[in-house]
Structures are given as structure tokens and as C-alpha cells.
Amino acid sequence: MQRREFLTALGAASVAPAQSARLGTLFVGAWQKKIVVIDEATRKVSGEIELKLDVPRSLMFTEDRKKIIVHSMKDCGFEIVDVATRKLERSFSLDSGGKKYRAGGFAISPDDKKLYTNVYAVERKIDRFEVGKPQWAVIDLAGEKFEKFVDLPKELQQMRGGGRGGGMRVSPDGKYLYQFRENVNIYSTEDFKEIDKIELSKPLFPGVERVMIGPGDDPHEPRGKVLGFFNSTDPVVHKTTFGFAEFDLVKRTFDFTPVGPSTTGTMGLRLTPDRKTGHTVAFNGMGANRRCEFWTFDIPSRKITRMQEFDGRSRFEFNLSSDGKTIYIYGAGNTVEMYDSATLKIVRALDVNTDMTSNMLVLPG
């Protein structure tokens, strides 16, 4: 039996879970310029939100979770969707004339008025395309415009990826912008002056290579704190280690907890509502020999409690249901595969009848 036939049969045979007030709604971008809406209680597509500009590249909630900000694939476009009515409110593009902007990585201000990002401009000339330097940019969401540009420091421009992207967070008081890359750089949101730097390769935990954090849309992540993973290589014997990294965005403090031998990579941490259990997808190896595993963590003790290999796609995304009982594997295709987070066995495959193009947002009930 082919994989798609198996998943279709499995989905048809499965039974929807009992109704629960804790179950919520899923939003994921798709081709045909739309957002697919999935009801967690029935495990069915409950609607679609038509967009105006282009195919959605990424989705993010505002801090109050009343709006969804959509970043389009084409041009530097943004669309604002009202969560309650599931209607598109407005759309705007920040490109101007022959100058187009490419943005990577976003962090929203606590008052939902500004987006912080890294951008670079590509301008079409008569005989060439001219690529500008990487810059910090502040986007005024109400005014639908760039509010400010600041050149990135030279050391960031020379890093892997040209200084663009990387996980970013804004502190709850709106004063500090954190960028998680080879080091953790902390900037003032007022003028982008560097306030502090956590040099990961130095003590307290030597050999840390890079902190890997999720996109910031976990509804159960503690406010003002970031939980992520890190890999490190001992500078003396070159032993590789995987572990937890926790950052307090208000106090500007951090803590590293080694867990075990390092892995090739992970897909970020997702927490259950009580924040006692966490889930991720880990990879070992590359290409056709890559091994995909679910890892379950006891958060208070920072220990792995279960590991289970599963049949991963060549490219996919990962998320956790609002009640923490279902793991979602989706993207780069038309199916959302649902795994029981306790047994780590597949229980359902939902065909959404379109290829998905963005991350998935989880809105608790």
C-alpha cells in the first residue's frame, strides 16, 4: 500500500476525540493565497481565510492573540487577519518602485504596534541588481511603513547567513531585543545599540555553538522566558553535548543544562499547558540516511523521558495541540499527521486538500 493510501485509510478509520473545552483552533498557510482553519475537537477543516497579496510564508499572532500577521512569499507584503471573525482586515506591501526588501526573522513589540526584523534591499538597476547591506528594520504596523533602518554591526554581517535571520524576541517591557545566533546579542529597541552580549563559546558553559529556539508562537511558553536547545563541543577532547538553554528576557540571565550526546538538529521545544512536559523532533544524520525521532522531556528535571523513531518526510514542520495530547507533523504536502503524545503512535491523518506553505499557529480554546 502506498503511503498516501495508508494515511487516507487511517484517517477515515479514526474516531474524533471527546469534546473538550481546552481544545482550540489551528491556522496554517497554504497555496491559492489562503489560510486553512482546522478545528482540534473534530479534527476537520472548519474553514478558509482568503488572502489578497500572495501565498503566506509565515504566520504570527499579535501579543493579545486577537490578530494574525501574515508575511507573504512575494515581495515584502503583510496582511492582518482578525481571529474572531476570521476575516482579512487589511493588506500592505513595503516594497517601493524598483526596490524590494527581503525580511528574515520577526519579533513583535508587547503593545502590538511594531515588528522588529532583519532586512536587506534588492534594487533593480538598468544593468544589474544591487543588493544592500543587512539592516535592522522597525515596521510600523498601523502606519504600514518602515519606521527606522539601522545598519547591522560588521561582525554580524560577516556571520553565517550574512547577519540575517536568527531567532528574535522582545522583552516584556519592550526595552530589549534579543537575537539568538552564534551568540545572544541584546540590543536597545530605541536605537539598536548593543546593551549586552552572551558569548556562548565561553564559560559558564564552554564550547556552546548556537542556541536553537522555536518561532515564538508556543501558547504555553512562559512570558518573559525562552526555552531552547544547544549543541556544544568540548574544546579539549571535542566531545559533543546536547542540552537545554533557558533565558530570562527581563533579568538578562541564562542557564545551560547538559542532557546527553548531541544530535544533528531539533525543531524547537513545545510545552504542554502545565509546562511540565516538552516535546520536540530530533534528527540524526543527513539526507536519505536521516533518522527522525520524537523526544519527550520532563521539564523540571531537564531529562529525556522517551525517544521514538517515526517515518519523517523529507521536509516537514512540527507542532503540539493546545491540550498537549497530540503531536502534529505537517507541511510540504497536503496532510496533517496526528500522533498521540503519550504513545507516540500515529492516530489520524487529515487531508487538507492543498499544500501547506507556512508554520502552524495553535490557538487554545
# chains A, B, ... in the order shown; residues from 1 in each chain; ligands from 1
>>> residues_around(residues="Pro56 (chain A)", least_positions_apart="5", cutoff="10 Å", atoms="only C-alpha atoms", output="VMD selection string")
chain A and resid 28 to 35 51 69 to 74 77 to 79 356 to 359
>>> residues_around(residues="Val362 (chain A)", least_positions_apart="6", cutoff="9 Å", atoms="only C-alpha atoms", output="PyMOL selection string")
chain A and resi 24-27+217-219+319-322
>>> write_last_selection(atoms="N, CA, C and O atoms", output="PDB file, in the first residue's frame")
ATOM      1  N   GLY A  24      -8.608  23.723  20.835  1.00  0.00           N
ATOM      2  CA  GLY A  24      -8.714  25.020  20.182  1.00  0.00           C
ATOM      3  C   GLY A  24      -8.766  24.934  18.680  1.00  0.00           C
ATOM      4  O   GLY A  24      -9.385  24.035  18.109  1.00  0.00           O
ATOM      5  N   THR A  25      -8.067  25.866  18.020  1.00  0.00           N
ATOM      6  CA  THR A  25      -8.127  26.025  16.574  1.00  0.00           C
ATOM      7  C   THR A  25      -6.709  26.134  16.007  1.00  0.00           C
ATOM      8  O   THR A  25      -5.834  26.735  16.623  1.00  0.00           O
ATOM      9  N   LEU A  26      -6.513  25.556  14.834  1.00  0.00           N
ATOM     10  CA  LEU A  26      -5.226  25.600  14.149  1.00  0.00           C
ATOM     11  C   LEU A  26      -5.350  26.481  12.901  1.00  0.00           C
ATOM     12  O   LEU A  26      -6.369  26.452  12.207  1.00  0.00           O
ATOM     13  N   PHE A  27      -4.301  27.245  12.625  1.00  0.00           N
ATOM     14  CA  PHE A  27      -4.238  28.069  11.421  1.00  0.00           C
ATOM     15  C   PHE A  27      -2.928  27.757  10.705  1.00  0.00           C
ATOM     16  O   PHE A  27      -1.859  27.777  11.313  1.00  0.00           O
ATOM     17  N   ASP A 217       5.743  31.079  18.808  1.00  0.00           N
ATOM     18  CA  ASP A 217       4.283  31.019  18.761  1.00  0.00           C
ATOM     19  C   ASP A 217       3.711  29.906  19.640  1.00  0.00           C
ATOM     20  O   ASP A 217       2.575  29.506  19.474  1.00  0.00           O
ATOM     21  N   ASP A 218       4.525  29.392  20.586  1.00  0.00           N
ATOM     22  CA  ASP A 218       4.024  28.382  21.516  1.00  0.00           C
ATOM     23  C   ASP A 218       3.127  29.074  22.541  1.00  0.00           C
ATOM     24  O   ASP A 218       3.595  29.919  23.309  1.00  0.00           O
ATOM     25  N   PRO A 219       1.818  28.722  22.600  1.00  0.00           N
ATOM     26  CA  PRO A 219       0.924  29.410  23.534  1.00  0.00           C
ATOM     27  C   PRO A 219       1.231  29.146  24.998  1.00  0.00           C
ATOM     28  O   PRO A 219       0.758  29.868  25.872  1.00  0.00           O
ATOM     29  N   ASN A 319       4.382  20.601  15.448  1.00  0.00           N
ATOM     30  CA  ASN A 319       3.706  21.410  16.458  1.00  0.00           C
ATOM     31  C   ASN A 319       2.983  20.491  17.432  1.00  0.00           C
ATOM     32  O   ASN A 319       2.935  19.272  17.234  1.00  0.00           O
ATOM     33  N   LEU A 320       2.418  21.109  18.481  1.00  0.00           N
ATOM     34  CA  LEU A 320       1.730  20.370  19.542  1.00  0.00           C
ATOM     35  C   LEU A 320       0.340  20.969  19.732  1.00  0.00           C
ATOM     36  O   LEU A 320       0.160  22.184  19.643  1.00  0.00           O
ATOM     37  N   SER A 321      -0.641  20.110  19.996  1.00  0.00           N
ATOM     38  CA  SER A 321      -2.015  20.578  20.178  1.00  0.00           C
ATOM     39  C   SER A 321      -2.141  21.450  21.421  1.00  0.00           C
ATOM     40  O   SER A 321      -1.276  21.452  22.300  1.00  0.00           O
ATOM     41  N   SER A 322      -3.244  22.168  21.519  1.00  0.00           N
ATOM     42  CA  SER A 322      -3.441  23.097  22.625  1.00  0.00           C
ATOM     43  C   SER A 322      -3.556  22.387  23.968  1.00  0.00           C
ATOM     44  O   SER A 322      -3.240  22.976  25.008  1.00  0.00           O
TER      45      SER A 322
END
>>> closest_residue(among="A:Val236, A:Val211, A:Ile299, A:Ile304", to="Gly265 (chain A)", atoms="only C-alpha atoms")
A:Val211
>>> select_by_dssp(residues="region 36-269 of chain A", states="helix (DSSP H, G or I)", output="list in words")
Lys154, Glu155, Leu156 and Gln157 of chain A
>>> write_last_selection(atoms="all heavy atoms", output="CSV table (one decimal), in the first residue's frame")
chain,number,residue,atom,x,y,z
A,154,LYS,N,29.3,45.2,11.7
A,154,LYS,CA,30.1,44.4,10.7
A,154,LYS,C,30.3,42.9,11.1
A,154,LYS,O,30.2,42.1,10.3
A,154,LYS,CB,31.5,45.1,10.5
A,154,LYS,CG,31.4,46.4,9.8
A,154,LYS,CD,32.8,46.9,9.6
A,154,LYS,CE,32.8,48.3,8.8
A,154,LYS,NZ,34.1,48.8,8.6
A,155,GLU,N,30.4,42.7,12.4
A,155,GLU,CA,30.7,41.3,12.8
A,155,GLU,C,29.4,40.4,12.6
A,155,GLU,O,29.5,39.2,12.3
A,155,GLU,CB,31.1,41.2,14.3
A,155,GLU,CG,30.0,41.8,15.3
A,155,GLU,CD,30.3,43.2,15.6
A,155,GLU,OE1,30.9,43.9,14.8
A,155,GLU,OE2,29.8,43.7,16.7
A,156,LEU,N,28.2,41.0,12.6
A,156,LEU,CA,27.0,40.3,12.3
A,156,LEU,C,26.8,40.1,10.8
A,156,LEU,O,26.4,39.1,10.4
A,156,LEU,CB,25.8,41.0,12.9
A,156,LEU,CG,25.6,40.9,14.4
A,156,LEU,CD1,24.3,41.6,14.8
A,156,LEU,CD2,25.6,39.5,14.9
A,157,GLN,N,27.2,41.1,10.1
A,157,GLN,CA,27.1,41.0,8.6
A,157,GLN,C,28.0,39.9,8.1
A,157,GLN,O,27.7,39.3,7.0
A,157,GLN,CB,27.5,42.3,8.0
A,157,GLN,CG,26.5,43.4,8.3
A,157,GLN,CD,26.9,44.7,7.6
A,157,GLN,OE1,27.6,44.7,6.5
A,157,GLN,NE2,26.5,45.9,8.1
>>> atom_distance(atom1="CA of Ser46 (chain A)", atom2="CA of Ala107 (chain A)")
29.0 Å
>>> closest_residue(among="A:Val237, A:Ile329, A:Ala342, A:Ile195", to="Thr277 (chain A)", atoms="only C-alpha atoms")
A:Ala342
>>> select_by_dssp(residues="region 9-204 of chain A", states="strand (DSSP E)", output="JSON, numbers by chain")
{"A": [25, 26, 27, 28, 29, 30, 34, 35, 36, 37, 38, 39, 44, 45, 46, 47, 48, 49, 50, 56, 57, 58, 59, 60, 61, 67, 68, 69, 70, 71, 72, 77, 78, 79, 80, 81, 82, 87, 88, 89, 90, 91, 92, 93, 99, 100, 101, 102, 103, 104, 105, 106, 107, 108, 114, 115, 116, 117, 118, 119, 120, 121, 122, 123, 124, 129, 130, 131, 135, 136, 137, 138, 139, 140, 145, 146, 147, 148, 149, 150, 151, 167, 168, 169, 170, 176, 177, 178, 179, 180, 184, 185, 186, 187, 188, 194, 195, 196, 197, 198]}
>>> atom_distance(atom1="CA of Asn353 (chain A)", atom2="CA of Lys66 (chain A)")
26.8 Å
>>> closest_residue(among="A:Leu350, A:Ile213, A:Leu361, A:Ile186", to="Val45 (chain A)", atoms="only C-alpha atoms")
A:Leu350
>>> decode(residues="region 258-321 of chain A", atoms="C-alpha atoms", output="short mmCIF file (atom, residue, chain, number, x, y, z; two decimals), in the first residue's frame")
data_model
loop_
_atom_site.label_atom_id
_atom_site.label_comp_id
_atom_site.auth_asym_id
_atom_site.auth_seq_id
_atom_site.Cartn_x
_atom_site.Cartn_y
_atom_site.Cartn_z
CA PRO A 258 23.59 19.46 29.52
CA VAL A 259 21.38 16.47 28.72
CA GLY A 260 23.36 13.99 26.65
CA PRO A 261 25.22 13.36 23.37
CA SER A 262 24.47 15.95 20.71
CA THR A 263 22.13 15.45 17.78
CA THR A 264 22.25 16.77 14.23
CA GLY A 265 19.37 19.14 14.90
CA THR A 266 15.97 19.73 16.50
CA MET A 267 12.74 21.53 15.59
CA GLY A 268 12.29 23.62 18.72
CA LEU A 269 10.53 22.88 22.00
CA ARG A 270 6.75 22.72 22.52
CA LEU A 271 5.28 22.68 26.02
CA THR A 272 2.14 21.13 27.48
CA PRO A 273 -0.31 23.52 29.24
CA ASP A 274 1.11 22.70 32.69
CA ARG A 275 4.68 23.30 31.37
CA LYS A 276 5.85 20.08 32.97
CA THR A 277 6.35 18.17 29.71
CA GLY A 278 8.00 19.21 26.46
CA HIS A 279 8.17 17.67 23.01
CA THR A 280 10.45 18.10 20.02
CA VAL A 281 11.52 16.35 16.83
CA ALA A 282 15.22 15.46 16.66
CA PHE A 283 17.33 14.45 13.69
CA ASN A 284 20.38 12.24 13.48
CA GLY A 285 22.24 12.06 10.21
CA MET A 286 21.61 13.84 6.93
CA GLY A 287 19.82 13.22 3.63
CA ALA A 288 18.45 9.76 2.86
CA ASN A 289 20.10 8.33 5.99
CA ARG A 290 18.45 10.83 8.34
CA ARG A 291 16.72 9.36 11.39
CA CYS A 292 13.66 11.24 12.71
CA GLU A 293 12.65 10.83 16.35
CA PHE A 294 10.14 12.24 18.80
CA TRP A 295 11.77 13.28 22.07
CA THR A 296 9.73 13.81 25.23
CA PHE A 297 11.19 15.80 28.14
CA ASP A 298 10.43 16.17 31.82
CA ILE A 299 10.86 19.94 32.04
CA PRO A 300 11.53 20.33 35.81
CA SER A 301 14.35 17.75 35.78
CA ARG A 302 15.54 18.59 32.23
CA LYS A 303 15.66 14.90 31.32
CA ILE A 304 14.58 12.95 28.25
CA THR A 305 11.85 10.51 29.27
CA ARG A 306 11.10 8.94 25.90
CA MET A 307 12.50 8.67 22.36
CA GLN A 308 10.64 7.14 19.44
CA GLU A 309 11.63 6.92 15.79
CA PHE A 310 8.94 7.76 13.21
CA ASP A 311 8.62 7.88 9.44
CA GLY A 312 9.50 11.52 8.77
CA ARG A 313 9.09 13.20 5.41
CA SER A 314 12.00 14.74 3.52
CA ARG A 315 10.70 18.14 4.66
CA PHE A 316 8.08 18.91 7.30
CA GLU A 317 7.06 21.05 10.29
CA PHE A 318 6.16 20.10 13.86
CA ASN A 319 3.71 21.41 16.46
CA LEU A 320 1.73 20.37 19.54
CA SER A 321 -2.02 20.58 20.18
#
